[in-house]
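Source file: upload.txt (compact mmCIF, C-alpha atoms)
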# COMPACT_ATOMS: atom_id res chain seq x y z
CA MET U 28 -55.90 67.47 -9.97
CA GLU U 29 -54.65 65.79 -13.15
CA LYS U 30 -51.20 65.36 -11.58
CA MET U 31 -52.73 63.66 -8.58
CA THR U 32 -54.76 61.25 -10.70
CA GLU U 33 -51.70 60.56 -12.93
CA LYS U 34 -49.73 59.62 -9.80
CA GLY U 35 -52.57 57.38 -8.66
CA ARG U 36 -52.72 55.76 -12.09
CA ILE U 37 -48.97 54.98 -12.05
CA GLU U 38 -49.24 53.57 -8.54
CA GLY U 39 -52.18 51.46 -9.69
CA ILE U 40 -50.25 49.98 -12.64
CA VAL U 41 -47.15 49.32 -10.55
CA PHE U 42 -49.24 47.71 -7.80
CA ARG U 43 -51.05 45.54 -10.35
CA MET U 44 -47.76 44.56 -12.00
CA PHE U 45 -46.21 43.41 -8.75
CA ARG U 46 -49.40 41.67 -7.58
CA GLN U 47 -49.65 39.76 -10.86
CA THR U 48 -45.91 38.97 -10.83
CA GLY U 49 -46.22 37.54 -7.33
CA SER U 50 -49.27 35.51 -8.32
CA ILE U 51 -47.51 34.04 -11.38
CA VAL U 52 -44.47 33.09 -9.28
CA LEU U 53 -46.71 31.53 -6.62
CA LEU U 54 -48.62 29.57 -9.26
CA ALA U 55 -45.34 28.30 -10.76
CA VAL U 56 -43.96 27.29 -7.35
CA ILE U 57 -47.10 25.32 -6.42
CA LEU U 58 -47.32 23.60 -9.81
CA ALA U 59 -43.59 22.83 -9.95
CA VAL U 60 -43.41 21.34 -6.46
CA LEU U 61 -46.60 19.30 -6.96
CA VAL U 62 -45.44 17.85 -10.29
CA ASN U 63 -41.98 17.17 -8.87
CA GLN U 64 -43.47 15.21 -5.97
CA ILE U 65 -45.52 12.90 -8.20
CA ARG U 66 -42.97 12.22 -10.94
CA SER U 67 -40.73 9.14 -10.79
CA ASP U 68 -37.50 11.04 -11.52
CA ARG U 69 -38.15 13.69 -8.86
CA LEU U 70 -35.34 15.86 -7.59
CA PRO U 71 -34.87 16.46 -3.87
CA LEU U 72 -35.77 20.09 -3.11
CA VAL U 73 -32.33 20.62 -1.60
CA ALA U 74 -29.32 18.51 -2.58
CA ASP U 75 -25.67 18.30 -1.69
CA TRP U 76 -23.64 19.60 -4.65
CA SER U 77 -20.22 19.30 -3.03
CA PRO U 78 -17.54 17.51 -5.11
CA GLU U 79 -17.66 14.55 -2.65
CA ALA U 80 -21.41 14.10 -3.12
CA ARG U 81 -21.27 14.59 -6.88
CA MET U 82 -18.51 12.00 -7.25
CA THR U 83 -20.34 9.31 -5.30
CA LEU U 84 -21.91 6.54 -7.34
CA GLU U 85 -25.40 5.18 -6.65
CA SER U 86 -23.71 2.19 -4.99
CA GLY U 87 -22.23 4.62 -2.43
CA GLU U 88 -18.69 4.18 -3.77
CA SER U 89 -16.70 7.41 -4.17
CA MET U 90 -14.88 8.11 -7.44
CA LEU U 91 -12.68 10.77 -5.84
CA ILE U 92 -8.94 10.31 -5.65
CA PRO U 93 -6.73 12.57 -3.49
CA LEU U 94 -3.93 14.51 -5.19
CA GLU U 95 -1.15 12.80 -3.21
CA GLU U 96 -2.33 9.34 -4.23
CA ALA U 97 -2.70 10.43 -7.85
CA GLY U 98 0.81 11.90 -7.81
CA GLU U 99 2.28 8.63 -6.53
CA LEU U 100 0.36 6.61 -9.11
CA CYS U 101 1.68 8.88 -11.84
CA SER U 102 5.32 8.54 -10.80
CA SER U 103 5.01 4.75 -10.41
CA LYS U 104 3.06 4.58 -13.69
CA LYS U 105 0.43 2.39 -12.07
CA ALA U 106 -2.47 4.45 -13.40
CA ILE U 107 -3.50 5.86 -16.74
CA PHE U 108 -4.42 9.53 -16.74
CA LEU U 109 -7.10 10.78 -19.12
CA ASP U 110 -7.32 14.52 -19.79
CA ALA U 111 -10.99 15.33 -20.47
CA ARG U 112 -10.31 18.92 -21.55
CA SER U 113 -10.18 20.14 -25.15
CA SER U 114 -7.29 19.16 -27.40
CA GLU U 115 -6.12 22.82 -27.49
CA LEU U 116 -5.75 22.95 -23.70
CA TYR U 117 -4.14 19.50 -23.71
CA GLU U 118 -1.55 20.63 -26.25
CA GLN U 119 -0.70 23.72 -24.17
CA ALA U 120 0.19 21.52 -21.18
CA HIS U 121 -1.07 18.41 -19.41
CA ILE U 122 -0.21 15.94 -16.65
CA LEU U 123 2.87 13.90 -17.54
CA CYS U 124 1.95 10.80 -19.56
CA ALA U 125 -1.76 11.72 -19.68
CA ARG U 126 -3.68 10.86 -22.80
CA ASN U 127 -6.26 13.26 -24.19
CA LEU U 128 -9.84 12.05 -24.46
CA SER U 129 -11.79 15.26 -24.70
CA TRP U 130 -15.33 14.84 -23.41
CA GLU U 131 -16.64 16.73 -26.43
CA ALA U 132 -15.04 14.19 -28.80
CA VAL U 133 -15.42 11.06 -26.69
CA ASP U 134 -17.51 9.10 -29.21
CA GLU U 135 -15.15 9.96 -32.03
CA TYR U 136 -11.88 9.01 -30.34
CA PHE U 137 -12.85 6.54 -27.61
CA ASP U 138 -11.81 3.39 -29.48
CA ALA U 139 -8.52 4.86 -30.67
CA VAL U 140 -7.47 6.17 -27.24
CA MET U 141 -8.67 3.20 -25.19
CA ALA U 142 -7.65 0.39 -27.59
CA ASP U 143 -4.66 -0.81 -25.52
CA ILE U 144 -6.09 -0.18 -22.05
CA PRO U 145 -7.45 -3.27 -20.27
CA GLN U 146 -10.85 -2.95 -18.60
CA ASP U 147 -9.42 -3.57 -15.12
CA ALA U 148 -6.73 -0.86 -15.42
CA LEU U 149 -6.75 2.01 -12.95
CA ILE U 150 -7.84 5.11 -14.84
CA ILE U 151 -7.82 8.66 -13.48
CA THR U 152 -9.75 11.37 -15.29
CA TYR U 153 -9.30 15.10 -14.79
CA CYS U 154 -10.28 18.49 -16.15
CA ASP U 155 -9.92 22.00 -14.70
CA GLY U 156 -12.05 23.79 -12.10
CA VAL U 157 -13.91 22.56 -9.01
CA THR U 158 -17.23 22.65 -10.84
CA CYS U 159 -15.94 21.17 -14.11
CA THR U 160 -18.12 18.20 -15.06
CA GLN U 161 -16.09 16.82 -17.98
CA SER U 162 -13.93 14.50 -15.85
CA LYS U 163 -16.98 13.12 -14.04
CA ASP U 164 -18.89 12.66 -17.31
CA LEU U 165 -15.90 10.87 -18.83
CA ALA U 166 -15.56 8.64 -15.74
CA LEU U 167 -19.23 7.67 -15.91
CA GLU U 168 -18.86 6.93 -19.63
CA LEU U 169 -15.91 4.62 -18.81
CA PHE U 170 -17.99 2.85 -16.14
CA TYR U 171 -20.80 2.50 -18.66
CA ARG U 172 -18.39 0.94 -21.17
CA GLY U 173 -17.19 -1.63 -18.66
CA TYR U 174 -14.10 -0.05 -17.09
CA GLU U 175 -14.35 -0.94 -13.40
CA ASN U 176 -11.52 1.01 -11.82
CA VAL U 177 -12.08 4.66 -12.65
CA ARG U 178 -11.36 7.62 -10.35
CA VAL U 179 -11.73 11.37 -10.73
CA LEU U 180 -9.15 13.97 -9.72
CA VAL U 181 -11.37 16.98 -9.00
CA ASN U 182 -10.01 20.31 -10.24
CA GLY U 183 -7.15 18.10 -11.42
CA TRP U 184 -5.15 20.36 -13.68
CA SER U 185 -5.06 23.40 -11.34
CA LYS U 186 -4.27 21.28 -8.27
CA TRP U 187 -1.56 19.36 -10.13
CA VAL U 188 0.17 22.55 -11.31
CA GLU U 189 -0.14 24.22 -7.88
CA ALA U 190 1.53 21.18 -6.27
CA GLY U 191 4.42 21.40 -8.75
CA LEU U 192 3.86 17.87 -10.03
CA PRO U 193 5.34 16.92 -13.44
CA THR U 194 3.65 18.18 -16.60
CA GLU U 195 4.49 18.20 -20.29
CA LYS U 196 3.45 20.03 -23.46
CA GLY U 197 2.47 18.94 -26.94
CA LEU U 198 0.58 16.02 -28.41
CA LYS U 199 2.77 13.15 -27.20
CA GLY U 200 -0.16 11.27 -25.70
CA TYR U 201 -2.19 11.41 -28.88
CA SER U 202 -3.19 8.33 -30.84
CA SER U 203 -2.49 8.34 -34.58
CA SER U 204 -6.18 8.85 -35.41
CA GLN U 205 -6.37 11.92 -33.18
CA LYS U 206 -3.39 13.38 -35.05
CA GLY U 207 -5.31 12.81 -38.27
CA ASP U 208 -2.90 10.21 -39.68
CA MET Q 30 -59.65 71.63 -42.54
CA PRO Q 31 -61.96 68.74 -41.54
CA GLU Q 32 -60.29 66.73 -44.33
CA ASN Q 33 -56.89 67.36 -42.73
CA ALA Q 34 -58.22 66.36 -39.34
CA ALA Q 35 -59.62 63.14 -40.80
CA LYS Q 36 -56.28 62.41 -42.48
CA SER Q 37 -54.34 62.94 -39.28
CA LEU Q 38 -56.86 60.79 -37.38
CA ASN Q 39 -56.40 58.04 -39.98
CA LYS Q 40 -52.62 58.34 -39.66
CA LYS Q 41 -52.87 58.02 -35.91
CA LYS Q 42 -55.12 54.99 -36.24
CA THR Q 43 -52.72 53.31 -38.70
CA GLY Q 44 -49.81 54.03 -36.36
CA ARG Q 45 -51.73 52.59 -33.42
CA ASN Q 46 -52.63 49.47 -35.46
CA TRP Q 47 -48.96 48.99 -36.33
CA LYS Q 48 -47.95 49.32 -32.71
CA LYS Q 49 -50.64 46.86 -31.70
CA SER Q 50 -49.44 44.34 -34.32
CA ILE Q 51 -45.81 44.71 -33.17
CA PHE Q 52 -46.95 44.31 -29.56
CA ILE Q 53 -48.82 41.08 -30.39
CA MET Q 54 -45.82 39.79 -32.37
CA CYS Q 55 -43.51 40.48 -29.42
CA ARG Q 56 -45.89 38.69 -27.09
CA LEU Q 57 -46.10 35.66 -29.37
CA ILE Q 58 -42.34 35.48 -29.98
CA LEU Q 59 -41.40 35.84 -26.31
CA GLY Q 60 -44.20 33.49 -25.23
CA GLY Q 61 -43.05 30.89 -27.78
CA VAL Q 62 -39.43 31.23 -26.66
CA PHE Q 63 -40.35 30.75 -23.00
CA ILE Q 64 -42.51 27.69 -23.73
CA TYR Q 65 -39.88 26.17 -26.03
CA ALA Q 66 -37.16 26.78 -23.42
CA SER Q 67 -39.21 25.20 -20.65
CA VAL Q 68 -40.18 21.89 -22.26
CA ASP Q 69 -36.78 20.19 -22.29
CA LYS Q 70 -36.02 21.43 -18.77
CA ILE Q 71 -39.30 20.03 -17.44
CA LEU Q 72 -38.66 16.68 -19.14
CA HIS Q 73 -35.06 16.41 -17.85
CA PRO Q 74 -34.86 18.07 -14.41
CA ALA Q 75 -31.59 16.40 -13.38
CA ALA Q 76 -29.80 17.59 -16.52
CA PHE Q 77 -31.14 21.10 -15.97
CA ALA Q 78 -29.99 21.05 -12.33
CA GLU Q 79 -26.50 20.19 -13.64
CA ALA Q 80 -26.74 23.13 -16.06
CA VAL Q 81 -27.74 25.47 -13.21
CA TYR Q 82 -24.80 24.15 -11.20
CA ASN Q 83 -22.48 24.84 -14.15
CA TYR Q 84 -23.34 28.55 -14.01
CA LYS Q 85 -21.68 28.54 -10.59
CA ILE Q 86 -23.71 31.49 -9.33
CA LEU Q 87 -26.28 30.04 -6.94
CA PRO Q 88 -25.53 28.47 -3.54
CA ASP Q 89 -25.93 24.67 -3.46
CA ALA Q 90 -29.18 24.87 -1.49
CA LEU Q 91 -30.90 26.78 -4.30
CA ILE Q 92 -29.76 24.71 -7.29
CA ASN Q 93 -32.45 22.02 -7.19
CA LEU Q 94 -35.20 24.48 -6.24
CA THR Q 95 -34.27 26.62 -9.23
CA ALA Q 96 -34.14 23.58 -11.51
CA ILE Q 97 -37.61 22.51 -10.32
CA ILE Q 98 -39.39 25.90 -10.33
CA LEU Q 99 -37.78 27.92 -13.15
CA PRO Q 100 -39.03 25.73 -16.06
CA TRP Q 101 -42.63 25.93 -14.79
CA LEU Q 102 -42.30 29.67 -14.35
CA GLU Q 103 -41.15 29.92 -17.97
CA LEU Q 104 -44.00 27.70 -19.16
CA ILE Q 105 -46.71 29.67 -17.32
CA LEU Q 106 -45.15 32.95 -18.42
CA GLY Q 107 -45.11 31.79 -22.04
CA ILE Q 108 -48.75 30.71 -21.90
CA PHE Q 109 -49.82 33.98 -20.24
CA LEU Q 110 -47.93 36.07 -22.81
CA ILE Q 111 -49.49 34.20 -25.72
CA LEU Q 112 -53.02 34.29 -24.28
CA GLY Q 113 -52.66 37.89 -23.11
CA LEU Q 114 -53.44 37.11 -19.46
CA TRP Q 115 -52.10 39.31 -16.65
CA LEU Q 116 -49.94 41.11 -19.18
CA PRO Q 117 -48.45 43.79 -16.89
CA GLY Q 118 -47.22 41.13 -14.47
CA ALA Q 119 -46.13 38.74 -17.22
CA ALA Q 120 -44.19 41.50 -18.99
CA LEU Q 121 -42.45 42.59 -15.79
CA LEU Q 122 -41.54 39.00 -14.90
CA SER Q 123 -40.27 38.33 -18.46
CA ASN Q 124 -37.96 41.31 -18.15
CA LEU Q 125 -36.74 40.26 -14.72
CA LEU Q 126 -35.99 36.73 -15.94
CA LEU Q 127 -34.31 37.87 -19.16
CA LEU Q 128 -32.22 40.41 -17.24
CA THR Q 129 -31.14 37.67 -14.83
CA PHE Q 130 -30.14 35.33 -17.69
CA PHE Q 131 -28.35 38.17 -19.47
CA GLY Q 132 -26.47 39.15 -16.31
CA ALA Q 133 -25.46 35.54 -15.60
CA LEU Q 134 -24.06 35.12 -19.13
CA VAL Q 135 -22.12 38.41 -19.05
CA PHE Q 136 -20.79 37.59 -15.56
CA ASN Q 137 -19.52 34.19 -16.71
CA LEU Q 138 -18.04 35.58 -19.91
CA ALA Q 139 -16.17 38.17 -17.82
CA ARG Q 140 -14.70 35.52 -15.50
CA GLY Q 141 -13.97 33.02 -18.30
CA LEU Q 142 -16.29 30.23 -17.19
CA ASP Q 143 -17.53 27.75 -19.78
CA ILE Q 144 -21.18 27.28 -18.85
CA HIS Q 145 -21.38 24.07 -20.87
CA CYS Q 146 -19.04 22.20 -18.58
CA GLY Q 147 -18.76 24.48 -15.55
CA CYS Q 148 -15.04 24.74 -16.14
CA PHE Q 149 -12.85 27.82 -16.18
CA SER Q 150 -10.89 28.39 -19.33
CA THR Q 151 -7.48 29.76 -18.55
CA SER Q 152 -6.71 30.27 -22.22
CA GLN Q 153 -9.86 32.30 -22.96
CA GLU Q 154 -10.44 30.24 -26.08
CA ALA Q 155 -11.91 32.18 -28.98
CA THR Q 156 -14.59 29.52 -29.59
CA LEU Q 157 -15.76 29.72 -26.00
CA ASN Q 158 -16.02 33.50 -26.12
CA LEU Q 159 -17.78 33.40 -29.48
CA CYS Q 160 -20.26 30.84 -28.20
CA ILE Q 161 -21.12 32.84 -25.07
CA CYS Q 162 -21.23 36.05 -27.13
CA LEU Q 163 -23.84 34.50 -29.42
CA HIS Q 164 -25.88 33.51 -26.35
CA ILE Q 165 -25.58 37.07 -25.04
CA ILE Q 166 -26.65 38.60 -28.37
CA ARG Q 167 -29.66 36.25 -28.56
CA ASN Q 168 -30.63 37.11 -24.99
CA GLY Q 169 -30.13 40.81 -25.74
CA ILE Q 170 -32.65 40.58 -28.59
CA PHE Q 171 -35.19 38.88 -26.30
CA LEU Q 172 -34.54 41.56 -23.71
CA LEU Q 173 -35.30 44.28 -26.28
CA LEU Q 174 -38.61 42.57 -27.05
CA GLY Q 175 -39.31 42.41 -23.32
CA PHE Q 176 -38.56 46.13 -22.89
CA TYR Q 177 -40.89 46.92 -25.77
CA LEU Q 178 -43.69 44.89 -24.18
CA LEU Q 179 -43.26 46.64 -20.86
CA SER Q 180 -43.06 50.14 -22.34
CA HIS Q 181 -46.08 49.47 -24.57
CA ILE Q 182 -48.17 48.32 -21.60
CA PHE Q 183 -47.09 51.29 -19.50
CA PHE Q 184 -47.29 54.11 -22.06
CA GLU Q 185 -50.26 52.83 -24.04
CA LYS Q 186 -52.28 52.72 -20.85
CA ARG Q 187 -51.12 56.23 -19.99
CA ARG Q 188 -52.27 57.47 -23.42
CA SER Q 189 -55.68 55.87 -23.07
CA PHE Q 190 -55.93 57.20 -19.51
CA SER Q 191 -55.03 60.77 -20.62
CA ALA Q 192 -57.59 60.56 -23.43
CA MET Q 193 -60.20 59.43 -20.95
CA MET Q 194 -59.32 62.26 -18.53
CA LYS Q 195 -59.50 64.84 -21.35
CA GLY Q 196 -62.93 63.54 -22.28
CA GLN Q 197 -64.10 63.94 -18.71
CA LEU Q 198 -62.73 67.50 -18.22

Would you write the structure of this file as structure tokens?
Amino acid sequence: MEKMTEKGRIEGIVFRMFRQTGSIVLLAVILAVLVNQIRSDRLPLVADWSPEARMTLESGESMLIPLEEAGELCSSKKAIFLDARSSELYEQAHILCARNLSWEAVDEYFDAVMADIPQDALIITYCDGVTCTQSKDLALELFYRGYENVRVLVNGWSKWVEAGLPTEKGLKGYSSSQKGD
Amino acid sequence: MPENAAKSLNKKKTGRNWKKSIFIMCRLILGGVFIYASVDKILHPAAFAEAVYNYKILPDALINLTAIILPWLELILGIFLILGLWLPGAALLSNLLLLTFFGALVFNLARGLDIHCGCFSTSQEATLNLCICLHIIRNGIFLLLGFYLLSHIFFEKRRSFSAMMKGQL
């Protein structure tokens, strides 16, 4: 008898737990969607998070640059490459002639790295990984600071190495202030 | 003999009071953490959507939905935990959420993904690992509090139920 009632009690608690859990989730969903619909900075319920969509500016212009084009611009030295990864990764290896402007230290080193680059120069930013946001963040920062011709090489480092394009090691692309002089 | 019985009853009462105080503390701490965690996400939904994307676990179609709903779920959960409303459900949901966060962090540590930028670190930098490890430890502590809440709700109710049954028989 006691075993039966104990089983019923457990079932009762579990049922109540799941019923309450479902109700809380439902309440949150209704509230969240309602608030999202009335706020000015609302998010679309479903969005396109592909690299192409993420690299498109509000004006509709794409910041993406294909690997082949970037490779040609590197060999003809018609573009300036900015490595948005950390200085440690940059020192291990980076795209030939790229400068390091780590996204984490952008405020600290921006002036030193960008001092001799004109605002109309073609700049290509890169980091590593398809979902890496550092290169995009750096590109937007450059746009914000008045650089008009900025492109992003998505998953730049991995794609560059896979294609066998030229790389180098060390801190050659560092400005004197980044070296701590 | 009655003196001994009274002493043991007092001991039991003190123990129960302690457990009740710890239970309330756990509720308040976890509730506060959930509310604190939700505020910034509710204020900046786009930035939170980017953070969800950086975890690289969910399919694209679920990223915005998660960024919209999760902060409100945390806020309601926090309020319910603090006010003591629907505690069995709130405790179960807290544990489910904390387990999910914990699993996501461990998964990304194992595959070397930096959740701050969504980028893979080929060098397995020590700072990156340390940073994620601290996140994991912090989440582990919250998870322990969540387990305590759930076990307290479950076993405390069983004790009171057994006592009630004994009284009836």

message: At a cut-off of 9 Å, which residues of chain U touch chain Q? Count all atoms listed in the file and give the answer as a PyMOL selection string.
response: chain U and resi 29+33+36-37+40-41+43-52+54-60+63+68-77+115-116+154-161+182

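Comparing the minimum interatomic distances between Thr152 (chain U) and each of U:Ile92, U:Glu118, U:Glu175, U:Ser113, counting all atoms listed in the file, we find that U:Ile92 sits nearest.
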
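Straight-line separation from CA of Ile111 (chain Q) to CA of Arg56 (chain Q): 5.9 Å.
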
- prompt: Interatomic distance between CA of Ala66 (chain Q) and CA of Val62 (chain U)?
  reply: 17.9 Å

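The space separating CA of Gly132 (chain Q) from CA of Leu110 (chain Q) comes to 22.6 Å.
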
Using all atoms listed in the file, determine which residues lie at most 9 Å from Lys105 (chain U), disregarding the query and same-chain residues fewer than 5 positions distant; provide the list as a PDB file with C-alpha atoms, keeping the file's coordinate frame.
ATOM      1  CA  GLU U  99       2.280   8.630  -6.530  1.00  0.00           C
ATOM      2  CA  LEU U 100       0.360   6.610  -9.110  1.00  0.00           C
ATOM      3  CA  ALA U 148      -6.730  -0.860 -15.420  1.00  0.00           C
ATOM      4  CA  LEU U 149      -6.750   2.010 -12.950  1.00  0.00           C
TER       5      LEU U 149
END

field: Nearest residue to Ile58 (chain Q) from the set Q:Ala133, Q:Leu112, Q:Leu174, Q:Leu125 (distances using all atoms listed in the file)
entry: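 Using all atoms listed in the file, the shortest distance to Ile58 (chain Q) belongs to Q:Leu174.
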
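Closest approach to Leu126 (chain Q) among Q:Ile166, Q:Ala35, Q:Leu57, Q:Leu172: Q:Leu172, based on all atoms listed in the file.
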
field: 9 Å contact set for Lys196 (chain U), only C-alpha atoms, chain neighbours under 6 positions out, as a PyMOL selection string
entry: chain U and resi 117-123

field: Which residue of Q:Leu87, Q:Val135, Q:Leu163, Q:Leu127 approaches Phe176 (chain Q) most closely, using all atoms listed in the file
entry: Q:Leu127

Can you sort out region 99-121 of chain Q so it carries N, CA and C atoms, written as a PDB file, in the coordinates of the input?
ATOM      1  N   LEU Q  99     -37.992  27.031 -12.001  1.00  0.00           N
ATOM      2  CA  LEU Q  99     -37.780  27.920 -13.150  1.00  0.00           C
ATOM      3  C   LEU Q  99     -38.472  27.447 -14.447  1.00  0.00           C
ATOM      4  N   PRO Q 100     -38.373  26.155 -14.820  1.00  0.00           N
ATOM      5  CA  PRO Q 100     -39.030  25.730 -16.060  1.00  0.00           C
ATOM      6  C   PRO Q 100     -40.547  25.956 -16.046  1.00  0.00           C
ATOM      7  N   TRP Q 101     -41.173  25.722 -14.888  1.00  0.00           N
ATOM      8  CA  TRP Q 101     -42.630  25.930 -14.790  1.00  0.00           C
ATOM      9  C   TRP Q 101     -42.971  27.400 -14.849  1.00  0.00           C
ATOM     10  N   LEU Q 102     -42.101  28.214 -14.280  1.00  0.00           N
ATOM     11  CA  LEU Q 102     -42.300  29.670 -14.350  1.00  0.00           C
ATOM     12  C   LEU Q 102     -42.242  30.113 -15.820  1.00  0.00           C
ATOM     13  N   GLU Q 103     -41.280  29.573 -16.555  1.00  0.00           N
ATOM     14  CA  GLU Q 103     -41.150  29.920 -17.970  1.00  0.00           C
ATOM     15  C   GLU Q 103     -42.375  29.452 -18.760  1.00  0.00           C
ATOM     16  N   LEU Q 104     -42.842  28.250 -18.439  1.00  0.00           N
ATOM     17  CA  LEU Q 104     -44.000  27.700 -19.160  1.00  0.00           C
ATOM     18  C   LEU Q 104     -45.250  28.561 -18.918  1.00  0.00           C
ATOM     19  N   ILE Q 105     -45.515  28.864 -17.655  1.00  0.00           N
ATOM     20  CA  ILE Q 105     -46.710  29.670 -17.320  1.00  0.00           C
ATOM     21  C   ILE Q 105     -46.597  31.064 -17.934  1.00  0.00           C
ATOM     22  N   LEU Q 106     -45.396  31.620 -17.848  1.00  0.00           N
ATOM     23  CA  LEU Q 106     -45.150  32.950 -18.420  1.00  0.00           C
ATOM     24  C   LEU Q 106     -45.414  32.943 -19.924  1.00  0.00           C
ATOM     25  N   GLY Q 107     -44.910  31.917 -20.587  1.00  0.00           N
ATOM     26  CA  GLY Q 107     -45.110  31.790 -22.040  1.00  0.00           C
ATOM     27  C   GLY Q 107     -46.581  31.703 -22.384  1.00  0.00           C
ATOM     28  N   ILE Q 108     -47.317  30.879 -21.643  1.00  0.00           N
ATOM     29  CA  ILE Q 108     -48.750  30.710 -21.900  1.00  0.00           C
ATOM     30  C   ILE Q 108     -49.494  32.038 -21.667  1.00  0.00           C
ATOM     31  N   PHE Q 109     -49.151  32.707 -20.569  1.00  0.00           N
ATOM     32  CA  PHE Q 109     -49.820  33.980 -20.240  1.00  0.00           C
ATOM     33  C   PHE Q 109     -49.534  35.045 -21.305  1.00  0.00           C
ATOM     34  N   LEU Q 110     -48.287  35.072 -21.787  1.00  0.00           N
ATOM     35  CA  LEU Q 110     -47.930  36.070 -22.810  1.00  0.00           C
ATOM     36  C   LEU Q 110     -48.706  35.803 -24.102  1.00  0.00           C
ATOM     37  N   ILE Q 111     -48.793  34.543 -24.472  1.00  0.00           N
ATOM     38  CA  ILE Q 111     -49.490  34.200 -25.720  1.00  0.00           C
ATOM     39  C   ILE Q 111     -50.996  34.475 -25.598  1.00  0.00           C
ATOM     40  N   LEU Q 112     -51.570  34.097 -24.455  1.00  0.00           N
ATOM     41  CA  LEU Q 112     -53.020  34.290 -24.280  1.00  0.00           C
ATOM     42  C   LEU Q 112     -53.385  35.718 -23.872  1.00  0.00           C
ATOM     43  N   GLY Q 113     -52.384  36.505 -23.506  1.00  0.00           N
ATOM     44  CA  GLY Q 113     -52.660  37.890 -23.110  1.00  0.00           C
ATOM     45  C   GLY Q 113     -53.248  38.020 -21.711  1.00  0.00           C
ATOM     46  N   LEU Q 114     -52.919  37.065 -20.839  1.00  0.00           N
ATOM     47  CA  LEU Q 114     -53.440  37.110 -19.460  1.00  0.00           C
ATOM     48  C   LEU Q 114     -52.444  37.831 -18.554  1.00  0.00           C
ATOM     49  N   TRP Q 115     -52.948  38.615 -17.630  1.00  0.00           N
ATOM     50  CA  TRP Q 115     -52.100  39.310 -16.650  1.00  0.00           C
ATOM     51  C   TRP Q 115     -50.855  39.915 -17.314  1.00  0.00           C
ATOM     52  N   LEU Q 116     -51.083  40.631 -18.390  1.00  0.00           N
ATOM     53  CA  LEU Q 116     -49.940  41.110 -19.180  1.00  0.00           C
ATOM     54  C   LEU Q 116     -48.956  42.027 -18.423  1.00  0.00           C
ATOM     55  N   PRO Q 117     -49.452  42.962 -17.604  1.00  0.00           N
ATOM     56  CA  PRO Q 117     -48.450  43.790 -16.890  1.00  0.00           C
ATOM     57  C   PRO Q 117     -47.496  42.942 -16.046  1.00  0.00           C
ATOM     58  N   GLY Q 118     -48.048  41.996 -15.308  1.00  0.00           N
ATOM     59  CA  GLY Q 118     -47.220  41.130 -14.470  1.00  0.00           C
ATOM     60  C   GLY Q 118     -46.336  40.217 -15.302  1.00  0.00           C
ATOM     61  N   ALA Q 119     -46.906  39.649 -16.364  1.00  0.00           N
ATOM     62  CA  ALA Q 119     -46.130  38.740 -17.220  1.00  0.00           C
ATOM     63  C   ALA Q 119     -44.983  39.482 -17.891  1.00  0.00           C
ATOM     64  N   ALA Q 120     -45.244  40.722 -18.326  1.00  0.00           N
ATOM     65  CA  ALA Q 120     -44.190  41.500 -18.990  1.00  0.00           C
ATOM     66  C   ALA Q 120     -43.078  41.851 -18.003  1.00  0.00           C
ATOM     67  N   LEU Q 121     -43.458  42.241 -16.801  1.00  0.00           N
ATOM     68  CA  LEU Q 121     -42.450  42.590 -15.790  1.00  0.00           C
ATOM     69  C   LEU Q 121     -41.591  41.365 -15.449  1.00  0.00           C
TER      70      LEU Q 121
END
